[in-house]
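J.: Here it is, the structure in full.
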Amino acid sequence: MRKLYPLLASLLLATTALQAQPTVKEAPQGFDQPKAGIAAGRLDSISYPSATVGTTRKALVYTPPGYSKGKKYPVLYLLHGIGGDEKEWLKGGRPQVILDNLYAEGKLKPMLVVMPNGRALKDDRAVGNIYSPEKVAGFANFEKDLLTDLIPFIEKKYKVLKDRDNRAIAGLSMGGGQSLNFGLGNLDKFAWVGGFSSAPNTKKPEELVPDPAKARQQLKLLWISCGDNDGLVSISQRTHDYLYQHNVPHVYYLEAGGHDFKVWKNGLYMFSQFLFKPVDKAKLPTYTVLGTPAATNVRNAKYPQILPDNRVVFRLKAPTAKQVQVDLARKYDMVKDSSGVWTVTTDTISRGLHYYSLLLDGLPVADPASDTFYGMGRMASGIEIPNRNGSFYAMKDVPHGDIRVKRFFSSVTNSWRQAYIYAPPGYEANPAERYPVLYLLHGGGEDESGWAKQGKTDLILDNLLAEKKVKPMLVVMMDGNMGGPGGIAGFSENTLQSFERELKQTVIPFVESNFRVAPGANNRALAGLSMGGLQTLYAGVRNTDMFSSLGVFSSGFFANNAKLSDPQYNYMKQNAGTINQNLKQLWLSMGGPEDIAYANNKVMRAKFDELGIKYAYSEYPGGHTWPVWRHDLYLFAPLLFK
């Protein structure tokens, strides 16, 4: 009986390995080298009749160690690149060695691997101009050859499982594009799809996955991988971005490397271990070696990197520093290697823009690899975390307006000031047209650049205009800092009055004398976030003869500052009829209960109800952050000037 225990233990371990997803994130050294004393699979060359091409075509078939004709197997179709044929994987990747080693370790579900010639032409050799339209068309034509000729032949010649759950397709480069095109285009045939360094033949993501809900339901595994130095990485990136935005579970796997077999062999090693086993989709975002450089990185900077689950990897070379930290909502201690490079991986970071600093021996400094923004009352590094609900501010192929920086002298502050002014597409082409204006205000610790840079105002308006959801308008982003200590702490009746004078006496006259502006209150709106929301409440409510719409984002008169708030409510009480009559929109919004201004706004809304002030209210989760305010602008702008 004692002798049975080791046998049972080994059987249990083998069964567990076959059921489990990979625990490693990268192939170990020697994974592609032959090992003595292990069972080997078999490679056969086959010929099959192709009605699609009108000739007999060739393919290689790998059968696993211990292959039995009395058992049925799942099948992986493994495709080559534009310069290869059915032998490219064999010559460059030695897949039989990789798979034999994995079988010996109990890491694979037994399967057949079919390596066809993906160039469906009568002369399917990789000769002459392989990039000619005729040769390239042969790769697209292979879809019909695969589905109507090769797969039926394999299923007739070999004992294989014929349902989609037991059929996978993957490939490298051109074959990666084919795999994504054919696999995702035929979800009734394939449940497992992998693209390694997929080439430009890959369809656009919206064509690949036109029905994300269907893909979520039917796909067992979708694998996208590429080397970080591959010139084609943008193809994989755009596919990942679309899948992320539409919440389609997948692996987005990046590793160090170019467009070569080092990357593709590792792709096969990792991908094959998932096949034909239960998949824990919640863990798929963790299967990668590298992350994607953040959109806010300076040109050519590889770090910070954002991992698919929105953890961030920071890296800095500072060999003489004794302690380095990243201050990003919380402080993360970085670890130094022998070359003086400090590295840390954060927890998952919430969507949108975050300010951060590097702390070198306690001194906060900007990250030289990241863009900087005026926030927190100083220039600070910023990192943009992907937002699957952020397509409304994504760069798209639509007509684009432009943002102009205009300087002017203010008699109110007795100083030179500047504003960022968005002009819609076609502004210069339509010299007779006059435009309504939205005056848009930033928050405390920021300045006139906030809505232009952090807020992505131009992209939001461009996309809304392309969808015909808003009227063409100018957006004036002015500096709301009026001297003194600044920010919320420096707020008083005097600073609000100064802002009102600046707006009425300097900014509006300057804009209306330098831009083609439609006249009257019906063509003016005022909105702002946080501190700018207070300024909107003060100047807007007191001047409803000048503004037809007000937007107050994440703000509200202070519940604990009666000295400031009571005069505002008294004014509203005395002028409630005029305010309600003049304003088409008094639109209040908050970032949910986690918004730091939530309590103030709730008290203010109760006061408005008591005074009979009409308003609309919107809530979008996210707290006191730029994703919320971008969404506020996205909802508020379509309400204007109707």
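By order of appearance in the structure tokens: chains A, B, ..., then residues from 1 within every chain, and ligands from 1 in the order shown.
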May I have the residues within 10 Å of A:Pro319 as a list in words, using only C-alpha atoms and disregarding those fewer than 4 positions away in the same chain?
T.: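 Contacts, in chain order: Lys336, Asp337, Ser338, Ser339, Gly340, Val341 and Trp342 of chain A.
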J.: DSSP on the backbone, strand (DSSP E) only: what residues of stretch 461-623 of chain A does that give? Format it as a list in words.
T.: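 Those residues are Leu474, Val475, Val476, Met477, Met478, Arg524, Ala525, Leu526, Ala527, Gly528, Leu529, Ser549, Leu550, Gly551, Val552, Phe553, Gln585, Leu586, Trp587, Leu588, Ser589, Met590, Ala616, Tyr617, Ser618 and Glu619 of chain A.
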J.: Go through A:Asn601, A:Thr239, A:Asn166, A:Ser68 one by one, measure the shortest atom-to-atom distance of each to A:Leu184 using only C-alpha atoms, and give the residue with the smallest value.
T.: A:Thr239
J.: I'd like the neighbourhood of stretch 555-557 of chain A as a list in words, where a residue qualifies if any of its atoms comes within 9 Å (using only C-alpha atoms), though same-chain residues fewer than 4 positions away should be ignored.
T.: Gly528, Leu529, Ser530, Met531, Gly532, Gly533, Leu534, Leu537, Asn561, Leu564, Ser565, Gln568, Leu588, Ser589, Met590, Ile596, Ala597, Tyr598, Ala599, Asn600, Asn601, Lys602, Val603, Met604 and Arg605 of chain A
J.: Write the residues of the selection above to a file with N, CA, C and O atoms, as a short mmCIF file (atom, residue, chain, number, x, y, z; two decimals), in the first residue's frame.
T.:
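Written file, selection.cif:
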```
data_model
loop_
_atom_site.label_atom_id
_atom_site.label_comp_id
_atom_site.auth_asym_id
_atom_site.auth_seq_id
_atom_site.Cartn_x
_atom_site.Cartn_y
_atom_site.Cartn_z
N GLY A 528 -17.64 75.40 -14.30
CA GLY A 528 -16.34 75.21 -13.65
C GLY A 528 -16.38 74.04 -12.69
O GLY A 528 -17.44 73.61 -12.25
N LEU A 529 -15.21 73.56 -12.38
CA LEU A 529 -15.07 72.45 -11.44
C LEU A 529 -14.48 72.94 -10.12
O LEU A 529 -13.64 73.83 -10.10
N SER A 530 -14.97 72.37 -9.02
CA SER A 530 -14.43 72.65 -7.69
C SER A 530 -14.36 74.15 -7.42
O SER A 530 -15.39 74.81 -7.35
N MET A 531 -13.18 74.75 -7.30
CA MET A 531 -13.07 76.19 -7.11
C MET A 531 -13.78 76.94 -8.23
O MET A 531 -14.48 77.93 -8.00
N GLY A 532 -13.61 76.44 -9.47
CA GLY A 532 -14.30 77.06 -10.60
C GLY A 532 -15.80 76.93 -10.51
O GLY A 532 -16.54 77.75 -11.07
N GLY A 533 -16.27 75.89 -9.81
CA GLY A 533 -17.71 75.76 -9.58
C GLY A 533 -18.23 76.85 -8.66
O GLY A 533 -19.33 77.38 -8.87
N LEU A 534 -17.46 77.18 -7.63
CA LEU A 534 -17.85 78.28 -6.74
C LEU A 534 -17.86 79.60 -7.51
O LEU A 534 -18.76 80.44 -7.32
N LEU A 537 -20.97 79.68 -9.57
CA LEU A 537 -22.14 79.97 -8.75
C LEU A 537 -22.23 81.46 -8.44
O LEU A 537 -23.31 82.07 -8.52
N ASN A 561 -19.39 77.55 6.31
CA ASN A 561 -18.89 78.92 6.20
C ASN A 561 -20.06 79.85 5.92
O ASN A 561 -20.28 80.29 4.79
N LEU A 564 -19.55 83.30 4.20
CA LEU A 564 -19.45 83.35 2.74
C LEU A 564 -20.76 82.92 2.08
O LEU A 564 -21.21 83.54 1.11
N SER A 565 -21.39 81.88 2.61
CA SER A 565 -22.52 81.26 1.93
C SER A 565 -23.84 82.01 2.13
O SER A 565 -24.63 82.13 1.19
N GLN A 568 -24.90 84.61 -0.36
CA GLN A 568 -25.25 84.07 -1.67
C GLN A 568 -26.69 83.56 -1.65
O GLN A 568 -27.46 83.80 -2.60
N LEU A 588 -25.97 70.83 -11.95
CA LEU A 588 -25.06 70.46 -10.87
C LEU A 588 -24.65 69.01 -11.03
O LEU A 588 -25.48 68.15 -11.35
N SER A 589 -23.39 68.72 -10.78
CA SER A 589 -22.94 67.33 -10.89
C SER A 589 -21.91 67.03 -9.80
O SER A 589 -21.21 67.92 -9.33
N MET A 590 -21.85 65.75 -9.43
CA MET A 590 -20.90 65.31 -8.41
C MET A 590 -20.28 63.98 -8.82
O MET A 590 -20.84 63.23 -9.61
N ILE A 596 -15.00 64.91 -2.56
CA ILE A 596 -14.77 65.69 -1.33
C ILE A 596 -15.77 66.84 -1.17
O ILE A 596 -15.94 67.36 -0.07
N ALA A 597 -16.42 67.23 -2.27
CA ALA A 597 -17.39 68.31 -2.19
C ALA A 597 -18.83 67.79 -2.08
O ALA A 597 -19.78 68.57 -2.13
N TYR A 598 -18.98 66.48 -1.91
CA TYR A 598 -20.31 65.87 -1.95
C TYR A 598 -21.22 66.44 -0.85
O TYR A 598 -22.38 66.78 -1.12
N ALA A 599 -20.71 66.54 0.36
CA ALA A 599 -21.54 67.02 1.48
C ALA A 599 -21.97 68.46 1.27
O ALA A 599 -23.14 68.81 1.50
N ASN A 600 -21.03 69.32 0.84
CA ASN A 600 -21.38 70.72 0.58
C ASN A 600 -22.47 70.82 -0.48
O ASN A 600 -23.42 71.60 -0.37
N ASN A 601 -22.32 70.03 -1.54
CA ASN A 601 -23.28 70.09 -2.63
C ASN A 601 -24.66 69.61 -2.17
O ASN A 601 -25.69 70.18 -2.56
N LYS A 602 -24.68 68.58 -1.34
CA LYS A 602 -25.96 68.06 -0.84
C LYS A 602 -26.69 69.11 -0.01
O LYS A 602 -27.91 69.30 -0.16
N VAL A 603 -25.95 69.78 0.86
CA VAL A 603 -26.55 70.85 1.67
C VAL A 603 -27.04 71.97 0.77
O VAL A 603 -28.13 72.54 0.98
N MET A 604 -26.24 72.33 -0.24
CA MET A 604 -26.62 73.41 -1.14
C MET A 604 -27.88 73.05 -1.92
O MET A 604 -28.77 73.89 -2.11
N ARG A 605 -28.00 71.80 -2.37
CA ARG A 605 -29.19 71.41 -3.12
C ARG A 605 -30.44 71.50 -2.24
O ARG A 605 -31.52 71.92 -2.71
#
```
J.: Find the residues of stretch 126-243 of chain A that sit at most 7 Å from stretch 75-97 of chain A; for each, write down the nearest two atoms and how far apart they are in Å, to one decimal. Count only C-alpha atoms. Sort by chain, then by number going up, and give it as JSON lines.
T.:
```
{"residue": "A:Ala126", "atom": "CA", "partner": "A:Gly83", "partner_atom": "CA", "distance": 5.7}
{"residue": "A:Ile130", "atom": "CA", "partner": "A:Gly83", "partner_atom": "CA", "distance": 6.6}
{"residue": "A:Asn166", "atom": "CA", "partner": "A:Val75", "partner_atom": "CA", "distance": 6.4}
{"residue": "A:Arg167", "atom": "CA", "partner": "A:Val75", "partner_atom": "CA", "distance": 5.1}
{"residue": "A:Ala168", "atom": "CA", "partner": "A:Leu76", "partner_atom": "CA", "distance": 4.6}
{"residue": "A:Ile169", "atom": "CA", "partner": "A:Tyr77", "partner_atom": "CA", "distance": 4.7}
{"residue": "A:Ala170", "atom": "CA", "partner": "A:Leu78", "partner_atom": "CA", "distance": 5.1}
{"residue": "A:Gly171", "atom": "CA", "partner": "A:Leu79", "partner_atom": "CA", "distance": 4.2}
{"residue": "A:Leu172", "atom": "CA", "partner": "A:His80", "partner_atom": "CA", "distance": 5.6}
{"residue": "A:Ser173", "atom": "CA", "partner": "A:Gly81", "partner_atom": "CA", "distance": 5.1}
{"residue": "A:Met174", "atom": "CA", "partner": "A:Gly81", "partner_atom": "CA", "distance": 4.6}
{"residue": "A:Gly175", "atom": "CA", "partner": "A:Leu79", "partner_atom": "CA", "distance": 4.7}
```
J.: Please dump the current selection as a compact mmCIF listing (two decimals), in the first residue's frame; keep N, CA, C and O atoms.
T.:
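As a result, out_4.txt now contains:
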```txt
# COMPACT_ATOMS: atom_id res chain seq x y z
N ALA A 126 7.16 30.81 -51.12
CA ALA A 126 7.55 32.15 -50.69
C ALA A 126 8.69 32.65 -51.58
O ALA A 126 9.84 32.80 -51.16
N ILE A 130 7.08 38.77 -52.34
CA ILE A 130 6.10 38.19 -51.41
C ILE A 130 5.08 39.23 -50.93
O ILE A 130 4.06 38.86 -50.33
N ASN A 166 -12.95 22.66 -29.00
CA ASN A 166 -11.73 21.87 -29.13
C ASN A 166 -10.94 22.24 -30.40
O ASN A 166 -10.20 21.42 -30.93
N ARG A 167 -11.10 23.49 -30.83
CA ARG A 167 -10.39 23.96 -32.01
C ARG A 167 -9.79 25.33 -31.71
O ARG A 167 -10.48 26.25 -31.28
N ALA A 168 -8.48 25.47 -31.94
CA ALA A 168 -7.75 26.71 -31.69
C ALA A 168 -7.01 27.13 -32.94
O ALA A 168 -6.66 26.30 -33.79
N ILE A 169 -6.74 28.44 -33.04
CA ILE A 169 -5.95 28.96 -34.14
C ILE A 169 -5.02 30.04 -33.61
O ILE A 169 -5.41 30.86 -32.76
N ALA A 170 -3.77 30.01 -34.06
CA ALA A 170 -2.79 31.02 -33.64
C ALA A 170 -1.74 31.13 -34.74
O ALA A 170 -1.58 30.23 -35.57
N GLY A 171 -1.01 32.24 -34.72
CA GLY A 171 0.02 32.41 -35.74
C GLY A 171 0.90 33.60 -35.44
O GLY A 171 0.63 34.41 -34.56
N LEU A 172 1.98 33.69 -36.21
CA LEU A 172 2.95 34.77 -36.04
C LEU A 172 2.86 35.74 -37.21
O LEU A 172 2.61 35.34 -38.35
N SER A 173 3.01 37.02 -36.92
CA SER A 173 3.06 38.08 -37.92
C SER A 173 1.86 38.01 -38.86
O SER A 173 0.73 38.18 -38.44
N MET A 174 2.08 37.74 -40.17
CA MET A 174 0.95 37.63 -41.10
C MET A 174 -0.01 36.55 -40.63
O MET A 174 -1.23 36.71 -40.71
N GLY A 175 0.55 35.46 -40.09
CA GLY A 175 -0.29 34.40 -39.55
C GLY A 175 -1.02 34.82 -38.30
O GLY A 175 -2.10 34.29 -37.99
```
J.: Hey, which of A:Val289, A:Ala321, A:Ala521, A:Ala419 ends up closest to A:Val507? Count only C-alpha atoms.
T.: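 Ranked by minimum distance to A:Val507, first place goes to A:Ala419.
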J.: As an exercise, work out the distance from atom CA of A:Ser554 to atom CA of A:Ile349 in Å and give it to one decimal place.
T.: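 Distance reported for this atom pair: 21.3 Å.
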J.: If you run DSSP on the backbone here, which positions in stretch 530-594 of chain A get alpha helix (DSSP H)? Please write them as number ranges by chain.
T.: A: 531-535, 541, 562-582
J.: Would you kindly return, as number ranges by chain, each protein, DNA or RNA residue with an atom no farther than 10 Å from any atom of stretch 203-219 of chain A, considering only C-alpha atoms and excluding same-chain residues fewer than 5 positions away?
T.: A: 164-165, 177-178, 180-185, 187-188, 190-193, 235-236, 238-243, 245-250
J.: Output N, CA, C and O atoms of each residue in that selection to a file, as a compact mmCIF listing (two decimals), in the first residue's frame.
T.:
```txt
# COMPACT_ATOMS: atom_id res chain seq x y z
N ARG A 164 -16.21 23.47 -31.70
CA ARG A 164 -15.43 24.70 -31.59
C ARG A 164 -14.63 24.78 -30.29
O ARG A 164 -13.56 25.38 -30.27
N ASP A 165 -15.15 24.18 -29.23
CA ASP A 165 -14.44 24.23 -27.95
C ASP A 165 -13.12 23.49 -28.00
O ASP A 165 -12.26 23.67 -27.13
N GLY A 177 -2.19 37.90 -37.90
CA GLY A 177 -3.34 38.61 -38.44
C GLY A 177 -4.40 37.67 -38.96
O GLY A 177 -5.60 37.86 -38.74
N GLN A 178 -3.96 36.63 -39.67
CA GLN A 178 -4.92 35.63 -40.14
C GLN A 178 -5.67 34.98 -38.98
O GLN A 178 -6.89 34.79 -39.04
N LEU A 180 -6.33 36.12 -35.98
CA LEU A 180 -7.33 37.02 -35.41
C LEU A 180 -8.49 37.21 -36.36
O LEU A 180 -9.66 37.18 -35.96
N ASN A 181 -8.19 37.41 -37.66
CA ASN A 181 -9.26 37.62 -38.64
C ASN A 181 -10.16 36.39 -38.75
O ASN A 181 -11.39 36.50 -38.71
N PHE A 182 -9.54 35.22 -38.90
CA PHE A 182 -10.33 34.00 -39.14
C PHE A 182 -10.97 33.49 -37.85
O PHE A 182 -12.12 33.04 -37.86
N GLY A 183 -10.21 33.56 -36.75
CA GLY A 183 -10.74 33.05 -35.49
C GLY A 183 -11.90 33.88 -34.97
O GLY A 183 -12.97 33.35 -34.66
N LEU A 184 -11.68 35.19 -34.92
CA LEU A 184 -12.73 36.07 -34.40
C LEU A 184 -13.87 36.22 -35.39
O LEU A 184 -15.00 36.53 -35.02
N GLY A 185 -13.56 36.02 -36.68
CA GLY A 185 -14.60 36.08 -37.70
C GLY A 185 -15.41 34.81 -37.81
O GLY A 185 -16.43 34.78 -38.52
N LEU A 187 -16.42 32.58 -34.89
CA LEU A 187 -16.50 32.10 -33.50
C LEU A 187 -17.33 30.82 -33.38
O LEU A 187 -17.28 30.16 -32.34
N ASP A 188 -18.05 30.47 -34.43
CA ASP A 188 -18.74 29.18 -34.42
C ASP A 188 -17.78 28.03 -34.71
O ASP A 188 -18.11 26.86 -34.51
N PHE A 190 -14.05 28.46 -33.87
CA PHE A 190 -12.87 28.53 -33.00
C PHE A 190 -13.25 29.18 -31.67
O PHE A 190 -13.87 30.24 -31.64
N ALA A 191 -12.82 28.55 -30.58
CA ALA A 191 -13.03 29.13 -29.24
C ALA A 191 -11.73 29.65 -28.65
O ALA A 191 -11.75 30.33 -27.62
N TRP A 192 -10.60 29.33 -29.29
CA TRP A 192 -9.28 29.71 -28.78
C TRP A 192 -8.52 30.41 -29.90
O TRP A 192 -8.30 29.82 -30.97
N VAL A 193 -8.14 31.67 -29.68
CA VAL A 193 -7.54 32.49 -30.74
C VAL A 193 -6.30 33.19 -30.21
O VAL A 193 -6.34 33.79 -29.12
N ILE A 235 -0.27 47.53 -33.86
CA ILE A 235 -1.40 46.72 -34.29
C ILE A 235 -1.97 45.97 -33.09
O ILE A 235 -3.19 45.92 -32.89
N SER A 236 -1.08 45.37 -32.30
CA SER A 236 -1.53 44.66 -31.10
C SER A 236 -2.12 45.63 -30.08
O SER A 236 -3.13 45.32 -29.43
N ARG A 238 -3.64 48.56 -30.56
CA ARG A 238 -4.98 49.06 -30.90
C ARG A 238 -6.04 47.98 -30.67
O ARG A 238 -7.17 48.28 -30.26
N THR A 239 -5.67 46.71 -30.92
CA THR A 239 -6.61 45.62 -30.68
C THR A 239 -6.89 45.50 -29.18
O THR A 239 -8.04 45.37 -28.75
N HIS A 240 -5.81 45.54 -28.38
CA HIS A 240 -5.98 45.48 -26.93
C HIS A 240 -6.83 46.64 -26.42
O HIS A 240 -7.72 46.44 -25.59
N ASP A 241 -6.55 47.84 -26.90
CA ASP A 241 -7.30 49.02 -26.42
C ASP A 241 -8.79 48.84 -26.66
O ASP A 241 -9.62 49.16 -25.79
N TYR A 242 -9.15 48.34 -27.82
CA TYR A 242 -10.57 48.13 -28.14
C TYR A 242 -11.17 47.05 -27.26
O TYR A 242 -12.29 47.21 -26.73
N LEU A 243 -10.44 45.96 -27.09
CA LEU A 243 -10.94 44.86 -26.25
C LEU A 243 -11.11 45.32 -24.81
O LEU A 243 -12.09 44.98 -24.14
N GLN A 245 -11.62 48.45 -23.77
CA GLN A 245 -12.73 49.39 -23.72
C GLN A 245 -14.07 48.67 -23.71
O GLN A 245 -15.01 49.09 -23.03
N HIS A 246 -14.16 47.56 -24.45
CA HIS A 246 -15.43 46.84 -24.56
C HIS A 246 -15.50 45.64 -23.63
O HIS A 246 -16.39 44.79 -23.77
N ASN A 247 -14.56 45.58 -22.70
CA ASN A 247 -14.61 44.58 -21.62
C ASN A 247 -14.66 43.15 -22.14
O ASN A 247 -15.41 42.31 -21.64
N VAL A 248 -13.84 42.88 -23.16
CA VAL A 248 -13.70 41.52 -23.69
C VAL A 248 -12.48 40.88 -23.04
O VAL A 248 -11.35 41.34 -23.26
N PRO A 249 -12.63 39.85 -22.22
CA PRO A 249 -11.48 39.25 -21.54
C PRO A 249 -10.44 38.75 -22.55
O PRO A 249 -10.78 38.13 -23.56
N HIS A 250 -9.18 39.02 -22.27
CA HIS A 250 -8.11 38.59 -23.16
C HIS A 250 -6.78 38.74 -22.43
O HIS A 250 -6.69 39.39 -21.39
```
J.: Name the residues in contact with A:Phe274 at a cut-off of 10 Å, using only C-alpha atoms, excluding same-chain residues fewer than 5 positions from it; report them as a ChimeraX atom specification.
T.: /A:18-22,107-109,192,220-221,223,269,279-280
J.: What would the file look like if the residues just selected were written as an mmCIF file, in the first residue's frame with N, CA, C and O atoms?
T.:
```
data_model
loop_
_atom_site.group_PDB
_atom_site.id
_atom_site.type_symbol
_atom_site.label_atom_id
_atom_site.label_comp_id
_atom_site.auth_asym_id
_atom_site.auth_seq_id
_atom_site.Cartn_x
_atom_site.Cartn_y
_atom_site.Cartn_z
ATOM 1 N N LEU A 18 -2.554 19.710 -15.555
ATOM 2 C CA LEU A 18 -3.332 19.763 -16.783
ATOM 3 C C LEU A 18 -4.542 20.677 -16.647
ATOM 4 O O LEU A 18 -5.031 21.222 -17.620
ATOM 5 N N GLN A 19 -5.048 20.845 -15.437
ATOM 6 C CA GLN A 19 -6.217 21.683 -15.224
ATOM 7 C C GLN A 19 -5.859 23.146 -14.985
ATOM 8 O O GLN A 19 -6.703 24.016 -15.105
ATOM 9 N N ALA A 20 -4.583 23.409 -14.663
ATOM 10 C CA ALA A 20 -4.208 24.738 -14.195
ATOM 11 C C ALA A 20 -3.699 25.619 -15.322
ATOM 12 O O ALA A 20 -3.119 25.146 -16.297
ATOM 13 N N GLN A 21 -3.933 26.930 -15.197
ATOM 14 C CA GLN A 21 -3.297 27.891 -16.081
ATOM 15 C C GLN A 21 -1.833 28.022 -15.686
ATOM 16 O O GLN A 21 -1.447 27.653 -14.581
ATOM 17 N N PRO A 22 -1.003 28.564 -16.578
ATOM 18 C CA PRO A 22 0.425 28.693 -16.264
ATOM 19 C C PRO A 22 0.644 29.530 -15.010
ATOM 20 O O PRO A 22 -0.087 30.489 -14.744
ATOM 21 N N LYS A 107 2.319 19.860 -18.566
ATOM 22 C CA LYS A 107 1.717 21.189 -18.641
ATOM 23 C C LYS A 107 0.769 21.377 -19.822
ATOM 24 O O LYS A 107 0.189 22.454 -19.967
ATOM 25 N N LEU A 108 0.630 20.366 -20.675
ATOM 26 C CA LEU A 108 -0.223 20.512 -21.841
ATOM 27 C C LEU A 108 -1.332 19.481 -21.855
ATOM 28 O O LEU A 108 -1.153 18.345 -21.414
ATOM 29 N N LYS A 109 -2.455 19.902 -22.380
ATOM 30 C CA LYS A 109 -3.519 18.965 -22.725
ATOM 31 C C LYS A 109 -3.143 18.365 -24.079
ATOM 32 O O LYS A 109 -2.840 19.100 -25.022
ATOM 33 N N TRP A 192 -10.599 29.329 -29.286
ATOM 34 C CA TRP A 192 -9.278 29.706 -28.784
ATOM 35 C C TRP A 192 -8.522 30.411 -29.899
ATOM 36 O O TRP A 192 -8.295 29.818 -30.965
ATOM 37 N N LYS A 220 -13.154 31.189 -25.408
ATOM 38 C CA LYS A 220 -12.508 30.577 -24.249
ATOM 39 C C LYS A 220 -11.251 31.354 -23.886
ATOM 40 O O LYS A 220 -10.958 31.598 -22.718
ATOM 41 N N LEU A 221 -10.474 31.744 -24.914
ATOM 42 C CA LEU A 221 -9.254 32.521 -24.694
ATOM 43 C C LEU A 221 -8.927 33.316 -25.940
ATOM 44 O O LEU A 221 -8.943 32.792 -27.053
ATOM 45 N N TRP A 223 -5.728 35.673 -27.117
ATOM 46 C CA TRP A 223 -4.348 35.981 -26.746
ATOM 47 C C TRP A 223 -3.761 36.960 -27.753
ATOM 48 O O TRP A 223 -3.773 36.708 -28.958
ATOM 49 N N TYR A 269 4.891 28.899 -26.256
ATOM 50 C CA TYR A 269 5.093 28.273 -24.944
ATOM 51 C C TYR A 269 3.989 28.690 -23.975
ATOM 52 O O TYR A 269 3.403 27.849 -23.279
ATOM 53 N N VAL A 279 -10.437 28.114 -17.961
ATOM 54 C CA VAL A 279 -9.729 29.390 -17.955
ATOM 55 C C VAL A 279 -10.315 30.302 -16.883
ATOM 56 O O VAL A 279 -11.527 30.535 -16.856
ATOM 57 N N ASP A 280 -9.451 30.809 -16.016
ATOM 58 C CA ASP A 280 -9.861 31.815 -15.035
ATOM 59 C C ASP A 280 -9.654 33.185 -15.678
ATOM 60 O O ASP A 280 -8.557 33.730 -15.680
#
```
J.: Between A:Glu610, A:Asp230, A:Asp462, A:Asp347, which one has atoms that come closest to A:Phe261, using only C-alpha atoms?
T.: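 Using only C-alpha atoms, A:Phe261 sits closest to A:Asp230.
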J.: What is the distance, in Å and to one decimal place, between atom CA of A:Gly623 and atom CA of A:Gly352?
T.: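 One can read the atom CA of A:Gly623 to atom CA of A:Gly352 distance as 11.5 Å.
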